[in-house]
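Novice: There's a structure below that I have some questions on.
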Amino acid sequence: MAAEEPAAAAFRKPVSAPAIEVAGVTKVFGEGKPGAVHALGPIDLSIAPGSFVSVVGPSGCGKSTLLRLAAGLDRPSAGRMNRYGEPLDGPSRQTGIVFQEHVLFPWATVLQNVMLPADVLGLPKAEATARAHHLLELTGLKDFAHHSPQMLSGGMKQRAAFCRALLADPQLLLLDEPFGALDALTREELSLELSRIWQELGRTALLITHDIEEAILLGDRVLIMSPRPGRIRADIAVDLPRPRNVGTAALPRFQEIKQAIRELIFNPGRPE
Amino acid sequence: MAAEEPAAAAFRKPVSAPAIEVAGVTKVFGEGKPGAVHALGPIDLSIAPGSFVSVVGPSGCGKSTLLRLAAGLDRPSAGRMNRYGEPLDGPSRQTGIVFQEHVLFPWATVLQNVMLPADVLGLPKAEATARAHHLLELTGLKDFAHHSPQMLSGGMKQRAAFCRALLADPQLLLLDEPFGALDALTREELSLELSRIWQELGRTALLITHDIEEAILLGDRVLIMSPRPGRIRADIAVDLPRPRNVGTAALPRFQEIKQAIRELIFNPGRPE
Amino acid sequence: AEVNFITDFGFNGRHAYYYVALDKGYYKDEGLDVTILRGQGSADAIKKVASGAATLGFADAGSLVLARGNDGVPVKLVAIVYAQPPQAVFALAGGDIKSPKDLEGKTIADTAFSANRLLFPAYAKAVGVDPDKVSWVTADGAALPTMLATGRVEAIGQFTVGEPLLAAVTAPKTLVRFGYKDALSYYGNGIIATDATIAENPDLVKAFVRATLKGMRDAFADPAAAGAIMAKYQKQVDPAVAEGETKLVAELAEVPGRPLGAIDPERVANTIKVVAENMKLNAAVAPEDLYAPGFVE
Amino acid sequence: MTIAAVARPGTALRRLLTPLSYVAIVLVWEAAVRAFEVPAWLLPAPSAIAGAASDWLPELATNTLVTLRETVFGFLVALAASLPLAILIAFSEPARRLLYPILLGLQSIPKVALAPLITLWLGFSEWPKIVIVVLVCFFPILVNVVAGFESVPKTMLDLMHSLKASETMIFRRLRIPAAMPHFFTGCKVAITFAVIGAVIGEFVAAQSGLGYLILMSTSQSQTPLAFAAIALLTIMSIVLFYGIELLERRIVRWSH
Amino acid sequence: MTIAAVARPGTALRRLLTPLSYVAIVLVWEAAVRAFEVPAWLLPAPSAIAGAASDWLPELATNTLVTLRETVFGFLVALAASLPLAILIAFSEPARRLLYPILLGLQSIPKVALAPLITLWLGFSEWPKIVIVVLVCFFPILVNVVAGFESVPKTMLDLMHSLKASETMIFRRLRIPAAMPHFFTGCKVAITFAVIGAVIGEFVAAQSGLGYLILMSTSQSQTPLAFAAIALLTIMSIVLFYGIELLERRIVRWSH
Ligand SMILES: Nc1ncnc2c1ncn2[C@@H]1O[C@H](COP(=O)(O)OP(=O)(O)OP(=O)(O)O)[C@@H](O)[C@H]1O
Ligand SMILES: Nc1ncnc2c1ncn2[C@@H]1O[C@H](COP(=O)(O)OP(=O)(O)OP(=O)(O)O)[C@@H](O)[C@H]1O
Ligand SMILES: Cc1ncc(C[n+]2csc(CCO)c2C)c(N)n1
Ligand SMILES: [Mg+2]
Ligand SMILES: [Mg+2]
């Protein structure tokens, strides 16, 4: 493995090296074949370490594609990508992902699913188990730890996937609509919980969401993407005080930003 | 098959026979076994033909379970269910469902997936194909008709499943978060499209959603469910004018109802 | 008439005389259109004849005793070919096996339940060997010659007519043979037909036997020619091997003072006795049940 | 679980259907043999077979044990051999291109033709028979397990890759559980061939076992005994098959 | 697609790995036979086998065709028989309980033992051989297809049930496509057994075919010829296997 672990790299490199840096990246599926889909880009993007970036954009515009590229699961068709100053050429153990299709292993219990990163990364078992139970409790899945995932509701599966992504306390969180299947109350609770964890531990996060309020409530920046092929139409700084909480959404500045974003989304004709 | 098709039954029965009638229904998974889950009820509910009922409730409270019971895919553990005055003892061809996990066949194209009900119900092919293309166009999937579902984004898959549910123009629509994976704009467009179709053709609809605005915008009534085991905590009539459109959400009455529902959800202590 | 004739096992040089009869038109002269089919062992050939899959066949008299006594198969001998026991034990020459007595303490390989093995006690007693001091192992027929050649076993069971092929494999080493015919007198293989065919179609049976015996006499008179004819029909058979085997068939078939093919009731009785003493026979078999007289003219 | 399990008649009756079907076949067979007076050497009546079986009970019992041991042992060896090979083949493209054709070649060689040679090479022991059992039954396991390893959904692979899981870890946590249903399908096919392999082995190189007994009874025209041995082999095979199915139901619970 | 396909060396080299591995085996074999002076009747050298093959070219060619025809025909009959049976078994619980054990019994009967009887019943024709091929190879198809039919995810079944689709429709639109990968796995296993079945049939009841040629040449100690026939059978089996795999890749595109 040529690439160093980003956590270590972060100490060696100038502090300013972005967690994720994307330059001129495009993605074309089935390149050269008939029916090829130009999904993304060109995109330029830089995510500072410790920042929280929200992404909103129309369905099919390439958000998940971008996230998979950032995770090192796919290679861009063109352009360069760095992670903590090093070329991004594969996944890193310091990344926690919630996939849009919350993937759970049907042969394992909910707890075993949540424990997967500890298993794979070889984390101390007792600690990890304690953390898993803590996360399950937090997400209201305590009573289902030893159930099989098939017995969970859609939203419960999503919460289990969320627990799994957080288990190893990764440096970088890549979240693809992690609360999409949750009711408003649970959603708010969990997103504030995420915000708290992120701030407390100083992690970096990239959140894809369709909920504009959520994007603002959590983000330092909100990226607004154009329809396919997805480009960054706007990059809006969220200058709201931290820590954020239920009250934040009531602030006039919040409403201002929300209105600005809604404008951008609902009147896509206006160029940025 | 003893049960008559509801479409026919609707003509014979007094017009007042509810489309769906639920009396004292409960659902316990794994009844009698250790780890049994009391998922739902007891629930009493009556859905008038031609009405649009929205359901909101916390994740895991039994919404999908209720929908599956209404679809005739599961049997209740206790209680009675009727469809258009007849005992509900299995699925009906007059029902269109969007499942929470938008199920698409990977071996078929998007168009073929959307055409499935026409195939199964033996509808005239040419007509159905025209309708399928119309629906794909409406949902922005025109260019992907001949792609395979694996090539779609999460939201695009959901839209394809939505097209499939509408293809055969069913009497009863059962929709489990059909727009959950869509961005705000697409979501609004499609939900208003649904509202239009429903009103135009005089169908009955049961919509599960986590979006309170969507629940109000579309529903004649909004059912608010309690946490598991899910019961109906509140049944709120939405006395907003029809047809609804983008402007509806701006009405003060809309905001009033929304506020009432938020109250109920975010302060679950208060009994109804 | 169409006649399916089934051999006892495969197509070997020892069957050359049937091909001689075929090649020289002896069957055709009798109005018979003969197809020679390959057998899977005597027990199988007997059943094939009994079931009508083959009209006539070539099978071991001992097997026939068992077939009648155990399974009640309605088949009889109509002519004998191996008028003396064909079974033998072979060892490599130049080793420490020189006489039958030397087999004591040795291991002999043979196919499962071959008559070589089952009748060995009779032979052993006749030549003064203790059969209990000889051990037997089982191997597939295809592997036997190689086992002897490679020294995996010290001796193998084989029909005397198998010697040429065996010699080809063990060459340059030569063989010692202990033939049961040197000590015992019972029948080996002969031509068989069902009771029904014998009763309903005796002329056909007679004609077949007649033509076969004619071919046999020709073959015995000129084994080299018989070998060449055989190889013409069965390319895989080496003419020299077929020639050698034909000579050995003659050794078994020709009994001084008896017409070729003729069945001696006394030997039939002795055959039954030997089988009954050495194998598991469920019901007694009378000599009349085993052969039909009058087909060898 | 079958599809029709939804519409279930009385459970007791359903349980009995399998044994009843066997009984029915035996009865029809007996009746047919008697009605058409089929001779014993062509097709013996079940009663005649049962008679032979009771006459030869001790021999049948000991020989059944011999064949059973060879079958099970050979099957286990095949299992032990084919699992690492399947892993190697699924794991590495070069291994797949090198090994798969060779194993396929090995499977393709008609074992009935090879059996005598194997005896020649391995001498008089249990081994020729076990090698034949292994050669006859490793392939269904191998092919099914390879297919199972490759049946893993891409989304699950992505999950593991996102954790930078080693191939070993992906095997342990993902491919192996995902391949379990295929593995059992392969085992169920293989075990029936293992029994057949044992018989082939015994035909060619044995002093005991049911195959040997069949050979003996055939060569001595004891047809009912041959059928008794065949019946025992069939029963052995069925019992082993359902034994594996039982194991499968205990282990693979999630696919339902 | 293998897992390791991600890390791919030169494609041309990879393509050549399979043939090269075969060539390597043959060369090692030749060298070993020469070095240790293995006698031809124990293990002939590839060159000796090639020599025999060229001497017997016309016979080998015609007999190969005979065996190929039996194999393919028997395989197709097995396919035609096992697909409806698999549907019946997956479709109906009583059919499963009645039929599956019987078919399992049929599979479990050692065909080597049964083959002589089948010839007795069917006489000297093509049929005993084809029946044996069918009996030897129907089971892997059946078991795999049944497993395939049952591998359908519950969510997809719910979708079909919600449309009140008939069982026929569920089969056509859901179970059959879902079972395709299993079906091909079964076919790949079955085709190799079909070749073996043809050889067993020819051993017992044939006057032509490669199995017959093996038997004839072995009985006359023409070992190189026997090996040439075995080699041809192996090649036939490999070609048929990869032919099915090719078909699979054209038809099953979605599982990747
Ligand atoms: N494997 C693939 N093959 C071909 N096209 C693909 C593939 N994956 C994605 N696409 C295409 O790329 C485009 C972007 O997809 P992506 O999943 O990134 O969208 P998204 O922004 O996440 O949408 P959503 O909000 O609906 O999830 C879509 O048009 C999709 O059809
Ligand atoms: N097959 C099953 N076996 C056991 N328990 C189940 C099963 N299906 C659902 N449940 C349980 O029933 C309860 C209700 O599930 P349901 O899917 O109806 O919730 P929901 O309201 O749709 O939630 P969400 O909004 O998260 O989709 C949950 O606690 C779930 O664990
Ligand atoms: C004497 C003798 N020579 C060679 C073989 C080799 N062999 C064993 S099996 C087989 C194929 C047909 O059975 C071949 C060629 C043998 N067994 N016996
Ligand atoms: Mg997406
Ligand atoms: Mg749900």
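Quick note on naming: the chains in the structure tokens go A, B, ... in the order shown, residues restart at 1 in each chain, and ligands are numbered from 1 in order of appearance.
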Find the residues near region 234-243 of chain B: any atom within 6 Å, counting only C-alpha atoms, skip ones fewer than 5 places away on the same chain, and give them as a ChimeraX atom specification.
Specialist: /B:220-224
Novice: Could you save the residues just selected, with N, CA, C and O atoms, as an mmCIF file, in the first residue's frame?
Specialist:
```
data_model
loop_
_atom_site.group_PDB
_atom_site.id
_atom_site.type_symbol
_atom_site.label_atom_id
_atom_site.label_comp_id
_atom_site.auth_asym_id
_atom_site.auth_seq_id
_atom_site.Cartn_x
_atom_site.Cartn_y
_atom_site.Cartn_z
ATOM 1 N N ASP B 220 -56.331 14.277 2.576
ATOM 2 C CA ASP B 220 -57.580 14.752 3.132
ATOM 3 C C ASP B 220 -57.505 14.636 4.646
ATOM 4 O O ASP B 220 -58.138 15.370 5.377
ATOM 5 N N ARG B 221 -56.756 13.645 5.077
ATOM 6 C CA ARG B 221 -56.561 13.421 6.503
ATOM 7 C C ARG B 221 -55.080 13.069 6.692
ATOM 8 O O ARG B 221 -54.453 12.482 5.816
ATOM 9 N N VAL B 222 -54.587 13.424 7.872
ATOM 10 C CA VAL B 222 -53.249 12.980 8.242
ATOM 11 C C VAL B 222 -53.383 12.149 9.510
ATOM 12 O O VAL B 222 -53.905 12.636 10.523
ATOM 13 N N LEU B 223 -52.941 10.877 9.438
ATOM 14 C CA LEU B 223 -52.946 10.030 10.625
ATOM 15 C C LEU B 223 -51.585 10.128 11.281
ATOM 16 O O LEU B 223 -50.560 9.994 10.615
ATOM 17 N N ILE B 224 -51.594 10.349 12.588
ATOM 18 C CA ILE B 224 -50.318 10.406 13.309
ATOM 19 C C ILE B 224 -50.235 9.190 14.197
ATOM 20 O O ILE B 224 -51.131 8.940 15.013
#
```
Novice: For Leu17 (chain D), find every residue with an atom within 10 Å (counting only C-alpha atoms), except residues of its own chain fewer than 5 positions away, and show them as a PyMOL selection string.
Specialist: (chain D and resi 11-12+22-23) or (chain E and resi 93-99)
Novice: Given the selection you just returned, output its residues as a file containing C-alpha atoms, formatted as a PDB file, in the first residue's frame.
Specialist:
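File written: selection36.pdb
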```
ATOM      1  CA  THR D  11     -48.987 -31.239   8.818  1.00  0.00           C
ATOM      2  CA  ALA D  12     -49.072 -34.874   9.921  1.00  0.00           C
ATOM      3  CA  TYR D  22     -42.059 -44.932  -1.079  1.00  0.00           C
ATOM      4  CA  VAL D  23     -44.499 -47.506   0.246  1.00  0.00           C
TER       5      VAL D  23
ATOM      6  CA  GLU E  93     -45.355 -28.933  -1.398  1.00  0.00           C
ATOM      7  CA  PRO E  94     -47.050 -32.310  -1.992  1.00  0.00           C
ATOM      8  CA  ALA E  95     -45.157 -32.721  -5.275  1.00  0.00           C
ATOM      9  CA  ARG E  96     -41.962 -31.901  -3.430  1.00  0.00           C
ATOM     10  CA  ARG E  97     -42.660 -34.491  -0.777  1.00  0.00           C
ATOM     11  CA  LEU E  98     -43.729 -37.098  -3.306  1.00  0.00           C
ATOM     12  CA  LEU E  99     -41.373 -36.496  -6.186  1.00  0.00           C
TER      13      LEU E  99
END
```
Novice: Find the residues around region 172-187 of chain C up to 9 Å (only C-alpha atoms counted), leave out those fewer than 5 positions away in its own chain, and share them as a ChimeraX atom specification.
Specialist: /C:60-62,80-94,97-100,116,119-120,122-124,126-127,149,159-160,163,166-167,252,267-272,274
Novice: So that each row is one residue of chain B with an atom at most 7 Å from ligand 1, can you give its shortest atom pair and the distance in Å to one decimal, using only C-alpha atoms and all ligand atoms, rows by chain and rising number, as a Markdown table?
Specialist:
```
| residue | atom | partner | partner_atom_place_in_ligand_line | distance |
| --- | --- | --- | --- | --- |
| B:Gln150 | CA | ligand 1 | 1 (N) | 6.0 |
| B:Met151 | CA | ligand 1 | 3 (N) | 3.8 |
| B:Leu152 | CA | ligand 1 | 31 (O) | 3.9 |
| B:Ser153 | CA | ligand 1 | 17 (O) | 3.4 |
| B:Gly154 | CA | ligand 1 | 27 (O) | 3.9 |
| B:Gly155 | CA | ligand 1 | 26 (O) | 3.0 |
| B:Met156 | CA | ligand 1 | 26 (O) | 5.1 |
| B:Ala181 | CA | ligand 1 | 25 (O) | 6.2 |
| B:Leu182 | CA | ligand 1 | 25 (O) | 5.9 |
| B:Asp183 | CA | ligand 1 | 25 (O) | 6.5 |
```
Novice: Which residues are near ligand 5 in this structure, taking near to mean any atom at most 9 Å from a ligand atom and counting only C-alpha atoms and all ligand atoms? Format them as a PyMOL selection string.
Specialist: (chain A and resi 152-156+181) or (chain B and resi 59-65+67+99-101+176-177+208)
Novice: Pull N, CA and C atoms from the residues just selected and write them as a PDB file, in the first residue's frame.
Specialist:
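Once written, out-v3.pdb looks like this:
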```
ATOM      1  N   LEU A 152     -36.074  -5.680  10.886  1.00  0.00           N
ATOM      2  CA  LEU A 152     -36.107  -4.243  11.137  1.00  0.00           C
ATOM      3  C   LEU A 152     -36.965  -3.527  10.112  1.00  0.00           C
ATOM      4  N   SER A 153     -37.515  -2.397  10.518  1.00  0.00           N
ATOM      5  CA  SER A 153     -38.207  -1.534   9.565  1.00  0.00           C
ATOM      6  C   SER A 153     -37.159  -0.790   8.744  1.00  0.00           C
ATOM      7  N   GLY A 154     -37.609  -0.146   7.662  1.00  0.00           N
ATOM      8  CA  GLY A 154     -36.691   0.564   6.783  1.00  0.00           C
ATOM      9  C   GLY A 154     -35.824   1.567   7.541  1.00  0.00           C
ATOM     10  N   GLY A 155     -36.457   2.373   8.360  1.00  0.00           N
ATOM     11  CA  GLY A 155     -35.721   3.382   9.098  1.00  0.00           C
ATOM     12  C   GLY A 155     -34.775   2.769  10.119  1.00  0.00           C
ATOM     13  N   MET A 156     -35.173   1.640  10.698  1.00  0.00           N
ATOM     14  CA  MET A 156     -34.310   0.982  11.676  1.00  0.00           C
ATOM     15  C   MET A 156     -33.057   0.438  10.993  1.00  0.00           C
ATOM     16  N   ALA A 181     -34.773   7.874   5.566  1.00  0.00           N
ATOM     17  CA  ALA A 181     -35.937   7.032   5.848  1.00  0.00           C
ATOM     18  C   ALA A 181     -36.463   7.248   7.260  1.00  0.00           C
TER      19      ALA A 181
ATOM     20  N   SER B  59     -40.170   6.181  13.137  1.00  0.00           N
ATOM     21  CA  SER B  59     -39.571   5.010  12.473  1.00  0.00           C
ATOM     22  C   SER B  59     -39.778   3.768  13.328  1.00  0.00           C
ATOM     23  N   GLY B  60     -40.227   2.705  12.687  1.00  0.00           N
ATOM     24  CA  GLY B  60     -40.406   1.441  13.395  1.00  0.00           C
ATOM     25  C   GLY B  60     -41.726   1.334  14.120  1.00  0.00           C
ATOM     26  N   CYS B  61     -42.665   2.253  13.824  1.00  0.00           N
ATOM     27  CA  CYS B  61     -43.915   2.228  14.585  1.00  0.00           C
ATOM     28  C   CYS B  61     -44.949   1.319  13.943  1.00  0.00           C
ATOM     29  N   GLY B  62     -44.685   0.806  12.767  1.00  0.00           N
ATOM     30  CA  GLY B  62     -45.623  -0.138  12.157  1.00  0.00           C
ATOM     31  C   GLY B  62     -46.342   0.401  10.937  1.00  0.00           C
ATOM     32  N   LYS B  63     -45.852   1.479  10.355  1.00  0.00           N
ATOM     33  CA  LYS B  63     -46.503   2.048   9.175  1.00  0.00           C
ATOM     34  C   LYS B  63     -46.446   1.066   7.998  1.00  0.00           C
ATOM     35  N   SER B  64     -45.255   0.570   7.731  1.00  0.00           N
ATOM     36  CA  SER B  64     -45.115  -0.372   6.617  1.00  0.00           C
ATOM     37  C   SER B  64     -45.927  -1.635   6.895  1.00  0.00           C
ATOM     38  N   THR B  65     -45.960  -2.028   8.151  1.00  0.00           N
ATOM     39  CA  THR B  65     -46.742  -3.197   8.520  1.00  0.00           C
ATOM     40  C   THR B  65     -48.210  -2.965   8.196  1.00  0.00           C
ATOM     41  N   LEU B  67     -49.420  -0.935   5.995  1.00  0.00           N
ATOM     42  CA  LEU B  67     -49.587  -0.900   4.553  1.00  0.00           C
ATOM     43  C   LEU B  67     -49.607  -2.317   3.968  1.00  0.00           C
ATOM     44  N   PHE B  99     -43.217  -0.005  -2.663  1.00  0.00           N
ATOM     45  CA  PHE B  99     -42.627  -0.534  -1.443  1.00  0.00           C
ATOM     46  C   PHE B  99     -41.525   0.397  -0.948  1.00  0.00           C
ATOM     47  N   GLN B 100     -41.316   0.338   0.363  1.00  0.00           N
ATOM     48  CA  GLN B 100     -40.279   1.189   0.935  1.00  0.00           C
ATOM     49  C   GLN B 100     -38.929   0.885   0.287  1.00  0.00           C
ATOM     50  N   GLU B 101     -38.667  -0.434   0.075  1.00  0.00           N
ATOM     51  CA  GLU B 101     -37.464  -0.797  -0.672  1.00  0.00           C
ATOM     52  C   GLU B 101     -37.871  -1.005  -2.119  1.00  0.00           C
ATOM     53  N   ASP B 176     -45.447   3.690   0.190  1.00  0.00           N
ATOM     54  CA  ASP B 176     -44.602   3.697   1.383  1.00  0.00           C
ATOM     55  C   ASP B 176     -43.379   4.579   1.127  1.00  0.00           C
ATOM     56  N   GLU B 177     -43.460   5.824   1.546  1.00  0.00           N
ATOM     57  CA  GLU B 177     -42.406   6.802   1.314  1.00  0.00           C
ATOM     58  C   GLU B 177     -41.935   6.809  -0.143  1.00  0.00           C
ATOM     59  N   ILE B 208     -47.628   6.826   3.114  1.00  0.00           N
ATOM     60  CA  ILE B 208     -46.753   6.916   4.275  1.00  0.00           C
ATOM     61  C   ILE B 208     -45.636   7.878   3.929  1.00  0.00           C
TER      62      ILE B 208
END
```
Novice: Using only C-alpha atoms and all ligand atoms, which protein or nucleic acid residues are at most 9 Å from ligand 3, as number ranges by chain?
Specialist: C: 140-147, 149, 165-166, 169; D: 110, 112-120; E: 40-44, 211, 213-227, 229-230
Novice: With a distance cut-off of 12 Å and only C-alpha atoms, select the neighbouring residues of Arg217 (chain C), excluding the residue or stretch itself and same-chain residues fewer than 6 positions from it, and output the selection as a VMD selection string.
Specialist: chain C and resid 16 to 18 20 to 21 26 81 210 to 211 223 226 246 to 247 249 to 250 253 to 254 259 to 261
Novice: List the neighbours of region 35-47 of chain B out to 7 Å using only C-alpha atoms; skip same-chain residues closer than 2 positions along the sequence, and give me the result as a PDB file with N, CA and C atoms, in the first residue's frame.
Specialist:
```pdb
ATOM      1  N   PRO B  18     -66.404   1.547   2.923  1.00  0.00           N
ATOM      2  CA  PRO B  18     -65.071   2.126   2.887  1.00  0.00           C
ATOM      3  C   PRO B  18     -64.144   1.328   1.966  1.00  0.00           C
ATOM      4  N   ALA B  19     -63.193   2.017   1.376  1.00  0.00           N
ATOM      5  CA  ALA B  19     -62.204   1.328   0.542  1.00  0.00           C
ATOM      6  C   ALA B  19     -61.407   0.345   1.395  1.00  0.00           C
ATOM      7  N   ILE B  20     -60.997   0.823   2.550  1.00  0.00           N
ATOM      8  CA  ILE B  20     -60.307  -0.038   3.508  1.00  0.00           C
ATOM      9  C   ILE B  20     -60.939   0.202   4.868  1.00  0.00           C
ATOM     10  N   GLU B  21     -61.232  -0.883   5.572  1.00  0.00           N
ATOM     11  CA  GLU B  21     -61.798  -0.770   6.907  1.00  0.00           C
ATOM     12  C   GLU B  21     -61.013  -1.699   7.819  1.00  0.00           C
ATOM     13  N   VAL B  22     -60.532  -1.134   8.898  1.00  0.00           N
ATOM     14  CA  VAL B  22     -59.664  -1.875   9.807  1.00  0.00           C
ATOM     15  C   VAL B  22     -60.302  -1.801  11.189  1.00  0.00           C
ATOM     16  N   ALA B  23     -60.520  -2.971  11.804  1.00  0.00           N
ATOM     17  CA  ALA B  23     -61.176  -2.957  13.119  1.00  0.00           C
ATOM     18  C   ALA B  23     -60.401  -3.833  14.090  1.00  0.00           C
ATOM     19  N   GLY B  24     -59.856  -3.192  15.100  1.00  0.00           N
ATOM     20  CA  GLY B  24     -59.171  -3.929  16.171  1.00  0.00           C
ATOM     21  C   GLY B  24     -57.985  -4.744  15.693  1.00  0.00           C
ATOM     22  N   VAL B  25     -57.321  -4.219  14.677  1.00  0.00           N
ATOM     23  CA  VAL B  25     -56.232  -5.003  14.077  1.00  0.00           C
ATOM     24  C   VAL B  25     -54.922  -4.819  14.848  1.00  0.00           C
ATOM     25  N   THR B  26     -54.277  -5.947  15.140  1.00  0.00           N
ATOM     26  CA  THR B  26     -52.917  -5.898  15.704  1.00  0.00           C
ATOM     27  C   THR B  26     -52.027  -6.813  14.878  1.00  0.00           C
ATOM     28  N   LYS B  27     -50.739  -6.562  14.954  1.00  0.00           N
ATOM     29  CA  LYS B  27     -49.785  -7.452  14.298  1.00  0.00           C
ATOM     30  C   LYS B  27     -48.620  -7.701  15.253  1.00  0.00           C
ATOM     31  N   VAL B  28     -48.396  -8.973  15.530  1.00  0.00           N
ATOM     32  CA  VAL B  28     -47.255  -9.363  16.350  1.00  0.00           C
ATOM     33  C   VAL B  28     -46.382 -10.277  15.479  1.00  0.00           C
ATOM     34  N   PHE B  29     -45.119  -9.906  15.314  1.00  0.00           N
ATOM     35  CA  PHE B  29     -44.213 -10.774  14.547  1.00  0.00           C
ATOM     36  C   PHE B  29     -43.608 -11.825  15.463  1.00  0.00           C
ATOM     37  N   GLY B  30     -43.534 -13.051  14.977  1.00  0.00           N
ATOM     38  CA  GLY B  30     -42.939 -14.136  15.769  1.00  0.00           C
ATOM     39  C   GLY B  30     -43.748 -14.427  17.004  1.00  0.00           C
ATOM     40  N   GLU B  31     -45.096 -14.386  16.844  1.00  0.00           N
ATOM     41  CA  GLU B  31     -45.999 -14.551  17.982  1.00  0.00           C
ATOM     42  C   GLU B  31     -45.658 -15.819  18.768  1.00  0.00           C
ATOM     43  N   GLY B  32     -45.573 -15.648  20.083  1.00  0.00           N
ATOM     44  CA  GLY B  32     -45.348 -16.799  20.949  1.00  0.00           C
ATOM     45  C   GLY B  32     -43.891 -17.198  21.076  1.00  0.00           C
ATOM     46  N   LYS B  33     -43.049 -16.696  20.177  1.00  0.00           N
ATOM     47  CA  LYS B  33     -41.626 -17.042  20.255  1.00  0.00           C
ATOM     48  C   LYS B  33     -40.880 -16.011  21.090  1.00  0.00           C
ATOM     49  N   PRO B  49     -63.769   5.650   0.025  1.00  0.00           N
ATOM     50  CA  PRO B  49     -63.332   5.583  -1.373  1.00  0.00           C
ATOM     51  C   PRO B  49     -63.099   6.999  -1.893  1.00  0.00           C
ATOM     52  N   SER B  51     -60.736   8.961  -1.098  1.00  0.00           N
ATOM     53  CA  SER B  51     -60.036   9.870  -0.193  1.00  0.00           C
ATOM     54  C   SER B  51     -58.539   9.633  -0.245  1.00  0.00           C
ATOM     55  N   CYS B  61     -42.665   2.253  13.824  1.00  0.00           N
ATOM     56  CA  CYS B  61     -43.915   2.228  14.585  1.00  0.00           C
ATOM     57  C   CYS B  61     -44.949   1.319  13.943  1.00  0.00           C
ATOM     58  N   GLY B  62     -44.685   0.806  12.767  1.00  0.00           N
ATOM     59  CA  GLY B  62     -45.623  -0.138  12.157  1.00  0.00           C
ATOM     60  C   GLY B  62     -46.342   0.401  10.937  1.00  0.00           C
ATOM     61  N   ARG B 228     -43.982   2.295  18.368  1.00  0.00           N
ATOM     62  CA  ARG B 228     -44.335   0.877  18.448  1.00  0.00           C
ATOM     63  C   ARG B 228     -44.838   0.495  19.820  1.00  0.00           C
ATOM     64  N   PRO B 229     -45.884  -0.308  19.983  1.00  0.00           N
ATOM     65  CA  PRO B 229     -46.748  -0.789  18.908  1.00  0.00           C
ATOM     66  C   PRO B 229     -47.629   0.335  18.369  1.00  0.00           C
ATOM     67  N   GLY B 230     -47.567   0.541  17.075  1.00  0.00           N
ATOM     68  CA  GLY B 230     -48.196   1.689  16.431  1.00  0.00           C
ATOM     69  C   GLY B 230     -49.710   1.733  16.621  1.00  0.00           C
ATOM     70  N   ARG B 231     -50.164   2.855  17.151  1.00  0.00           N
ATOM     71  CA  ARG B 231     -51.609   3.123  17.221  1.00  0.00           C
ATOM     72  C   ARG B 231     -51.860   4.467  16.595  1.00  0.00           C
ATOM     73  N   ILE B 232     -53.118   4.774  16.325  1.00  0.00           N
ATOM     74  CA  ILE B 232     -53.405   6.080  15.730  1.00  0.00           C
ATOM     75  C   ILE B 232     -53.580   7.084  16.851  1.00  0.00           C
TER      76      ILE B 232
END
```
Novice: Could you tell me how far CA of Thr55 (chain C) lies from CA of Ile192 (chain C), in Å and to one decimal?
Specialist: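 CA of Ile192 (chain C) lies at a distance of 8.8 Å from CA of Thr55 (chain C).
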Novice: I need the residues of region 123-229 of chain E that end up classed as helix (DSSP H, G or I) by DSSP on the backbone, written out as an MDAnalysis selection string.
Specialist: chainID E and resid 127:149 154:162 167:205 210:219 223:229
Novice: Can you pull out every residue within 12 Å of Arg244 (chain B), counting only C-alpha atoms, but drop anything in the same chain fewer than 6 positions away, and send it as a ChimeraX atom specification?
Specialist: /B:188-189,191-199,214,216-220,238,250-251,254
Novice: Near chain D, meaning an atom within 12 Å, which residues of chain A appear when counting only C-alpha atoms? Write them as a PyMOL selection string.
Specialist: chain A and resi 1+5+67-74+89-109+112-113+115-122+147-151+161+164-165+167-168+170+172-174
